[in-house]
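Q: Structure in structure tokens, see below.
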Amino acid sequence: MDVFLETERLVLRPFTDADAGHLFALDNDPDVMRYLTGGKPTSRETILTRTLPRFLHDHPALGARGYWAAEEKATGTFLGWFEFRPLDDRSPAVVELGYRLNQAAWGKGYATEGSRALIHKGFTDLGVARVTANTMAVNTGSRRVMEKSGLSFLRTFTEEWPEAIEGSEHGEVEYELTRAAWEQRR
């Protein structure tokens, strides 16, 4: 197995075509998708034609993919995924951090553990200068992960949603962490 990053409890590895079923199950849990689609499921066709190709894309700026399958190290159980993707494919300067974990993994610190490890790797090995992350303002769980991972609140903003979902009227929030701020905290 090709491993991108290991933590105490996690293995982050590149996605393969064989992960389609994992992604389908994850994106068809209404609670997982609450702040993304209002709980509406993602079709298998969308997983195969849009999600998986995006997850298999190599980003030249990082010399790596931008999405990583997360597995529990002890059991090999698929927990979800992490995003650490450059906003510009030509430069690793600014990356977006994201995560989506299945409910069984919630509340165990996996999202924070994986996020911190990616941030460390980004600032020490990948030439990243700034990490950004965003979520719906009402998504307190994700906001807490961002804060525990070292990111600071930057702003609240609104965007047009193709279809408004509960809570979208409160807007979205953006968090960030610069390499300089990260180095000061170490």
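Just remember, in the structure tokens the first chain shown is A, the second B, etc., residues are 1-based per chain, and ligands are 1-based in the order shown.
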Excluding Gly150 of chain A and residues on its chain fewer than 6 positions from it, collect all residues at most 12 Å away from it, counting only C-alpha atoms, and give them as a list of chain:residue names.
A: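 With the cut-off at 12 Å, the set is A:Leu97, A:Thr112, A:Glu113, A:Ser115, A:Arg116, A:Ala117, A:Leu118, A:Ile119, A:His120, A:Arg130, A:Val131, A:Thr132, A:Ala133, A:Arg143, A:Arg144, A:Tyr175, A:Glu176, A:Leu177, A:Thr178, A:Arg179, A:Ala181, A:Trp182, A:Glu183, A:Gln184, A:Arg185, A:Arg186.
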Q: Grab the residues selected above and save them as a compact mmCIF listing (two decimals), in the first residue's frame with C-alpha atoms.
A:
```txt
# COMPACT_ATOMS: atom_id res chain seq x y z
CA LEU A 97 -7.68 21.88 4.18
CA THR A 112 -7.75 17.09 14.25
CA GLU A 113 -4.98 14.48 14.19
CA SER A 115 -5.34 17.94 9.90
CA ARG A 116 -2.38 18.71 12.16
CA ALA A 117 -0.24 16.11 10.40
CA LEU A 118 -1.10 17.52 6.96
CA ILE A 119 -0.38 21.06 8.12
CA HIS A 120 2.99 19.97 9.51
CA ARG A 130 -0.78 29.41 4.04
CA VAL A 131 -3.50 26.87 4.89
CA THR A 132 -7.13 27.88 4.51
CA ALA A 133 -10.34 26.05 5.42
CA ARG A 143 -15.07 24.88 13.23
CA ARG A 144 -13.80 23.26 16.42
CA TYR A 175 -10.12 30.03 8.82
CA GLU A 176 -6.41 30.28 8.07
CA LEU A 177 -2.94 29.47 9.35
CA THR A 178 0.25 30.91 7.92
CA ARG A 179 3.61 29.22 8.12
CA ALA A 181 2.13 31.83 12.75
CA TRP A 182 2.59 28.04 12.85
CA GLU A 183 6.35 28.40 13.44
CA GLN A 184 5.75 30.89 16.29
CA ARG A 185 3.47 28.40 18.09
CA ARG A 186 5.89 25.48 17.85
```
Q: Report as a list in words all protein, DNA and RNA residues lying within 10 Å of segment 158-174 of chain A, evaluated on only C-alpha atoms, omitting residues in the same chain fewer than 3 positions from it.
A: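 Everything that qualifies: Arg34, Tyr35, Leu36, Thr37, Gly38, Gly39, Thr132, Ala133, Asn134, Thr135, Met136, Ala137, Val138, Asn139, Arg143, Met146, Leu151, Ser152, Phe153, Leu154 and Arg155 of chain A.
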Q: Keeping N, CA, C and O atoms, export the residues of the selection given above as a compact mmCIF listing (two decimals), in the first residue's frame.
A:
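Okay, out17.txt is ready:
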```txt
# COMPACT_ATOMS: atom_id res chain seq x y z
N ARG A 34 -25.00 16.69 5.91
CA ARG A 34 -25.91 17.74 6.42
C ARG A 34 -25.48 19.15 6.02
O ARG A 34 -26.29 19.95 5.57
N TYR A 35 -24.20 19.49 6.20
CA TYR A 35 -23.73 20.84 5.93
C TYR A 35 -23.19 21.02 4.51
O TYR A 35 -22.61 22.05 4.19
N LEU A 36 -23.39 20.02 3.68
CA LEU A 36 -22.91 20.09 2.30
C LEU A 36 -24.05 20.07 1.30
O LEU A 36 -24.05 20.84 0.34
N THR A 37 -25.00 19.18 1.53
CA THR A 37 -26.12 19.03 0.59
C THR A 37 -27.46 19.08 1.30
O THR A 37 -28.47 18.77 0.68
N GLY A 38 -27.43 19.39 2.58
CA GLY A 38 -28.66 19.32 3.36
C GLY A 38 -29.05 17.89 3.66
O GLY A 38 -30.19 17.62 4.03
N GLY A 39 -28.12 16.96 3.49
CA GLY A 39 -28.38 15.55 3.77
C GLY A 39 -28.75 14.73 2.56
O GLY A 39 -28.92 13.51 2.66
N THR A 132 -5.80 27.29 4.35
CA THR A 132 -7.13 27.88 4.51
C THR A 132 -8.16 26.76 4.62
O THR A 132 -7.93 25.65 4.11
N ALA A 133 -9.25 27.03 5.30
CA ALA A 133 -10.34 26.05 5.42
C ALA A 133 -11.63 26.82 5.61
O ALA A 133 -11.63 27.92 6.18
N ASN A 134 -12.73 26.27 5.13
CA ASN A 134 -14.02 26.93 5.34
C ASN A 134 -15.12 25.91 5.54
O ASN A 134 -14.99 24.75 5.16
N THR A 135 -16.18 26.39 6.15
CA THR A 135 -17.36 25.57 6.41
C THR A 135 -18.54 26.51 6.63
O THR A 135 -18.37 27.73 6.70
N MET A 136 -19.71 25.94 6.75
CA MET A 136 -20.88 26.75 7.09
C MET A 136 -20.68 27.31 8.50
O MET A 136 -20.14 26.63 9.38
N ALA A 137 -21.13 28.53 8.71
CA ALA A 137 -20.98 29.17 10.02
C ALA A 137 -21.60 28.33 11.13
O ALA A 137 -21.09 28.33 12.26
N VAL A 138 -22.68 27.62 10.84
CA VAL A 138 -23.37 26.84 11.88
C VAL A 138 -22.74 25.46 12.14
O VAL A 138 -23.17 24.76 13.04
N ASN A 139 -21.72 25.10 11.38
CA ASN A 139 -21.08 23.79 11.55
C ASN A 139 -20.03 23.88 12.66
O ASN A 139 -18.83 23.95 12.42
N ARG A 143 -15.78 23.68 12.76
CA ARG A 143 -15.07 24.88 13.23
C ARG A 143 -14.15 24.53 14.40
O ARG A 143 -13.03 25.02 14.49
N MET A 146 -11.00 22.96 13.09
CA MET A 146 -10.11 23.96 12.52
C MET A 146 -9.33 24.68 13.62
O MET A 146 -8.11 24.87 13.51
N LEU A 151 -5.78 26.68 13.19
CA LEU A 151 -6.26 27.74 12.31
C LEU A 151 -7.02 28.79 13.10
O LEU A 151 -7.62 28.48 14.13
N SER A 152 -7.01 30.01 12.61
CA SER A 152 -7.70 31.12 13.25
C SER A 152 -8.80 31.64 12.35
O SER A 152 -8.66 31.67 11.12
N PHE A 153 -9.88 32.09 12.98
CA PHE A 153 -11.00 32.66 12.25
C PHE A 153 -10.54 33.87 11.46
O PHE A 153 -9.85 34.74 11.98
N LEU A 154 -10.91 33.93 10.19
CA LEU A 154 -10.54 35.05 9.32
C LEU A 154 -11.75 35.91 8.98
O LEU A 154 -11.70 37.12 9.10
N ARG A 155 -12.85 35.26 8.55
CA ARG A 155 -14.00 36.05 8.11
C ARG A 155 -15.24 35.19 7.97
O ARG A 155 -15.15 33.97 7.86
```
Q: Which is closer to Val11 of chain A than all the others in A:Lys73, A:Arg85, A:Lys108, A:Arg90, using only C-alpha atoms?
A: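 For Val11 of chain A, the nearest of the given residues is A:Lys73.
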Q: Need to verify the contact set: Gln103 of chain A, 9 Å, only C-alpha atoms, exclusion of same-chain residues closer than 3 positions in sequence. Can you return it as a ChimeraX atom specification?
A: /A:26,29,31-32,79,106-107
Q: Have a look at A:Leu12, A:Ala61, A:Ala69, A:Met33 and name the one nearest to Gly127 of chain A; count only C-alpha atoms.
A: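 Selected residue with least distance to Gly127 of chain A: A:Ala61.
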Q: Can you tell me, as a list in words, what residues are no more than 7 Å from Pro41 of chain A when counting only C-alpha atoms, ignoring any on the same chain fewer than 3 positions away?
A: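 Selected residues are Asp27, Asn28, Asp29 and Pro30 of chain A.
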Q: Restricting the output to all heavy atoms, write the selected residues as a short mmCIF file (atom, residue, chain, number, x, y, z; two decimals), in the first residue's frame.
A:
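Dumped to selection.cif:
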```cif
data_model
loop_
_atom_site.label_atom_id
_atom_site.label_comp_id
_atom_site.auth_asym_id
_atom_site.auth_seq_id
_atom_site.Cartn_x
_atom_site.Cartn_y
_atom_site.Cartn_z
N ASP A 27 -20.91 9.46 1.31
CA ASP A 27 -21.73 10.56 0.79
C ASP A 27 -23.22 10.24 0.79
O ASP A 27 -24.02 11.05 0.34
CB ASP A 27 -21.28 10.94 -0.62
CG ASP A 27 -20.02 11.79 -0.61
OD1 ASP A 27 -19.35 11.87 0.44
OD2 ASP A 27 -19.71 12.38 -1.67
N ASN A 28 -23.59 9.08 1.26
CA ASN A 28 -25.00 8.73 1.35
C ASN A 28 -25.49 8.64 2.79
O ASN A 28 -26.59 8.18 3.04
CB ASN A 28 -25.28 7.44 0.57
CG ASN A 28 -25.45 7.75 -0.89
OD1 ASN A 28 -26.54 8.04 -1.34
ND2 ASN A 28 -24.35 7.76 -1.64
N ASP A 29 -24.69 9.15 3.71
CA ASP A 29 -25.10 9.28 5.10
C ASP A 29 -25.64 10.70 5.27
O ASP A 29 -24.90 11.67 5.13
CB ASP A 29 -23.91 9.04 6.03
CG ASP A 29 -24.28 9.15 7.49
OD1 ASP A 29 -25.17 9.96 7.85
OD2 ASP A 29 -23.67 8.43 8.30
N PRO A 30 -26.93 10.86 5.55
CA PRO A 30 -27.52 12.19 5.66
C PRO A 30 -26.84 13.08 6.71
O PRO A 30 -26.74 14.29 6.51
CB PRO A 30 -28.98 11.93 6.05
CG PRO A 30 -29.23 10.50 5.78
CD PRO A 30 -27.91 9.79 5.77
#
```
Q: So that I can check the surroundings of Asp89 of chain A, please list as a PyMOL selection string every protein, DNA and RNA residue that reaches within 10 Å of it, counting only C-alpha atoms and ignoring chain neighbours fewer than 4 positions away.
A: chain A and resi 58-63+85+93-95
Q: Please save all heavy atoms of the selected residues as an mmCIF file, in the first residue's frame.
A:
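Output below, filename result35.cif:
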```
data_model
loop_
_atom_site.group_PDB
_atom_site.id
_atom_site.type_symbol
_atom_site.label_atom_id
_atom_site.label_comp_id
_atom_site.auth_asym_id
_atom_site.auth_seq_id
_atom_site.Cartn_x
_atom_site.Cartn_y
_atom_site.Cartn_z
ATOM 1 N N ASP A 58 -3.486 14.360 -9.748
ATOM 2 C CA ASP A 58 -2.201 14.759 -9.180
ATOM 3 C C ASP A 58 -2.048 16.265 -9.343
ATOM 4 O O ASP A 58 -2.331 16.817 -10.411
ATOM 5 C CB ASP A 58 -1.054 14.047 -9.893
ATOM 6 C CG ASP A 58 -0.994 12.563 -9.552
ATOM 7 O OD1 ASP A 58 -1.160 12.231 -8.366
ATOM 8 O OD2 ASP A 58 -0.778 11.752 -10.467
ATOM 9 N N HIS A 59 -1.583 16.915 -8.300
ATOM 10 C CA HIS A 59 -1.374 18.367 -8.309
ATOM 11 C C HIS A 59 0.118 18.642 -8.457
ATOM 12 O O HIS A 59 0.888 18.415 -7.516
ATOM 13 C CB HIS A 59 -1.923 18.995 -7.021
ATOM 14 C CG HIS A 59 -3.404 18.880 -6.921
ATOM 15 N ND1 HIS A 59 -4.259 19.812 -7.479
ATOM 16 C CD2 HIS A 59 -4.199 17.935 -6.374
ATOM 17 C CE1 HIS A 59 -5.503 19.449 -7.259
ATOM 18 N NE2 HIS A 59 -5.497 18.311 -6.592
ATOM 19 N N PRO A 60 0.536 19.118 -9.640
ATOM 20 C CA PRO A 60 1.969 19.333 -9.887
ATOM 21 C C PRO A 60 2.640 20.244 -8.855
ATOM 22 O O PRO A 60 3.798 20.029 -8.510
ATOM 23 C CB PRO A 60 1.998 19.979 -11.281
ATOM 24 C CG PRO A 60 0.702 19.636 -11.906
ATOM 25 C CD PRO A 60 -0.286 19.469 -10.788
ATOM 26 N N ALA A 61 1.934 21.221 -8.350
ATOM 27 C CA ALA A 61 2.530 22.148 -7.385
ATOM 28 C C ALA A 61 2.986 21.427 -6.118
ATOM 29 O O ALA A 61 3.974 21.805 -5.507
ATOM 30 C CB ALA A 61 1.529 23.241 -7.020
ATOM 31 N N LEU A 62 2.250 20.387 -5.727
ATOM 32 C CA LEU A 62 2.621 19.629 -4.529
ATOM 33 C C LEU A 62 3.428 18.383 -4.858
ATOM 34 O O LEU A 62 4.050 17.797 -3.983
ATOM 35 C CB LEU A 62 1.369 19.187 -3.757
ATOM 36 C CG LEU A 62 0.546 20.246 -3.052
ATOM 37 C CD1 LEU A 62 -0.624 19.605 -2.316
ATOM 38 C CD2 LEU A 62 1.399 21.051 -2.085
ATOM 39 N N GLY A 63 3.368 17.960 -6.115
ATOM 40 C CA GLY A 63 3.981 16.694 -6.476
ATOM 41 C C GLY A 63 3.231 15.538 -5.841
ATOM 42 O O GLY A 63 3.800 14.496 -5.541
ATOM 43 N N ARG A 85 -5.188 20.499 -0.702
ATOM 44 C CA ARG A 85 -5.122 20.746 -2.139
ATOM 45 C C ARG A 85 -4.732 22.188 -2.416
ATOM 46 O O ARG A 85 -5.284 23.118 -1.832
ATOM 47 C CB ARG A 85 -6.505 20.454 -2.729
ATOM 48 C CG ARG A 85 -6.676 20.709 -4.184
ATOM 49 C CD ARG A 85 -8.123 20.473 -4.603
ATOM 50 N NE ARG A 85 -9.087 21.260 -3.863
ATOM 51 C CZ ARG A 85 -9.433 22.503 -4.181
ATOM 52 N NH1 ARG A 85 -8.902 23.109 -5.207
ATOM 53 N NH2 ARG A 85 -10.336 23.138 -3.451
ATOM 54 N N ALA A 93 1.765 27.488 -2.576
ATOM 55 C CA ALA A 93 1.742 28.523 -1.531
ATOM 56 C C ALA A 93 0.497 28.465 -0.654
ATOM 57 O O ALA A 93 0.589 28.583 0.560
ATOM 58 C CB ALA A 93 1.893 29.913 -2.148
ATOM 59 N N VAL A 94 -0.672 28.300 -1.267
ATOM 60 C CA VAL A 94 -1.918 28.306 -0.505
ATOM 61 C C VAL A 94 -2.650 26.997 -0.772
ATOM 62 O O VAL A 94 -2.921 26.654 -1.927
ATOM 63 C CB VAL A 94 -2.823 29.502 -0.884
ATOM 64 C CG1 VAL A 94 -4.101 29.483 -0.050
ATOM 65 C CG2 VAL A 94 -2.086 30.822 -0.700
ATOM 66 N N VAL A 95 -2.961 26.271 0.303
ATOM 67 C CA VAL A 95 -3.705 25.019 0.173
ATOM 68 C C VAL A 95 -4.983 25.096 0.986
ATOM 69 O O VAL A 95 -5.069 25.826 1.977
ATOM 70 C CB VAL A 95 -2.885 23.786 0.622
ATOM 71 C CG1 VAL A 95 -1.651 23.602 -0.223
ATOM 72 C CG2 VAL A 95 -2.543 23.858 2.083
#
```
Q: Could you jot down the atom CA of Arg54 of chain A to atom CA of Pro14 of chain A separation for me, Å, one decimal place?
A: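 So the two atoms, atom CA of Arg54 of chain A and atom CA of Pro14 of chain A, lie 11.8 Å apart.
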Q: If you run DSSP on this backbone, which residues of segment 106-180 of chain A come out as helix (DSSP H, G or I), and could you give them as a PyMOL selection string?
A: chain A and resi 110-125+140-148+168-170+179-180
Q: Which parts of segment 12-168 of chain A does DSSP call strand (DSSP E) when run on the backbone here, written out as a ChimeraX atom specification?
A: /A:12-14,58-59,64-65,67-72,78-88,91-101,130-136,152-157
Q: Taking only C-alpha atoms into account, name the residue in A:Leu23, A:Ile47, A:Ala70, A:Val3 that is nearest to Gly114 of chain A.
A: A:Ala70
Q: Find the residue from A:Trp81, A:Phe15, A:Phe123, A:Phe157 that sits nearest to Arg65 of chain A; use only C-alpha atoms when measuring.
A: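 Closest to Arg65 of chain A of all the choices is A:Phe15.
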Q: Please identify all polymer residues within 12 Å of Pro53 of chain A, counting only C-alpha atoms, omitting same-chain residues fewer than 6 positions from it, and present them as a PyMOL selection string.
A: chain A and resi 15-17+19-20+45-47+65-67
Q: Return the single residue from A:Ala74, A:Leu52, A:Ala64, A:Ala18 that is closest to Pro92 of chain A, with distances computed using only C-alpha atoms.
A: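 Comparing A:Ala74, A:Leu52, A:Ala64, A:Ala18 against Pro92 of chain A, the winner is A:Ala64.
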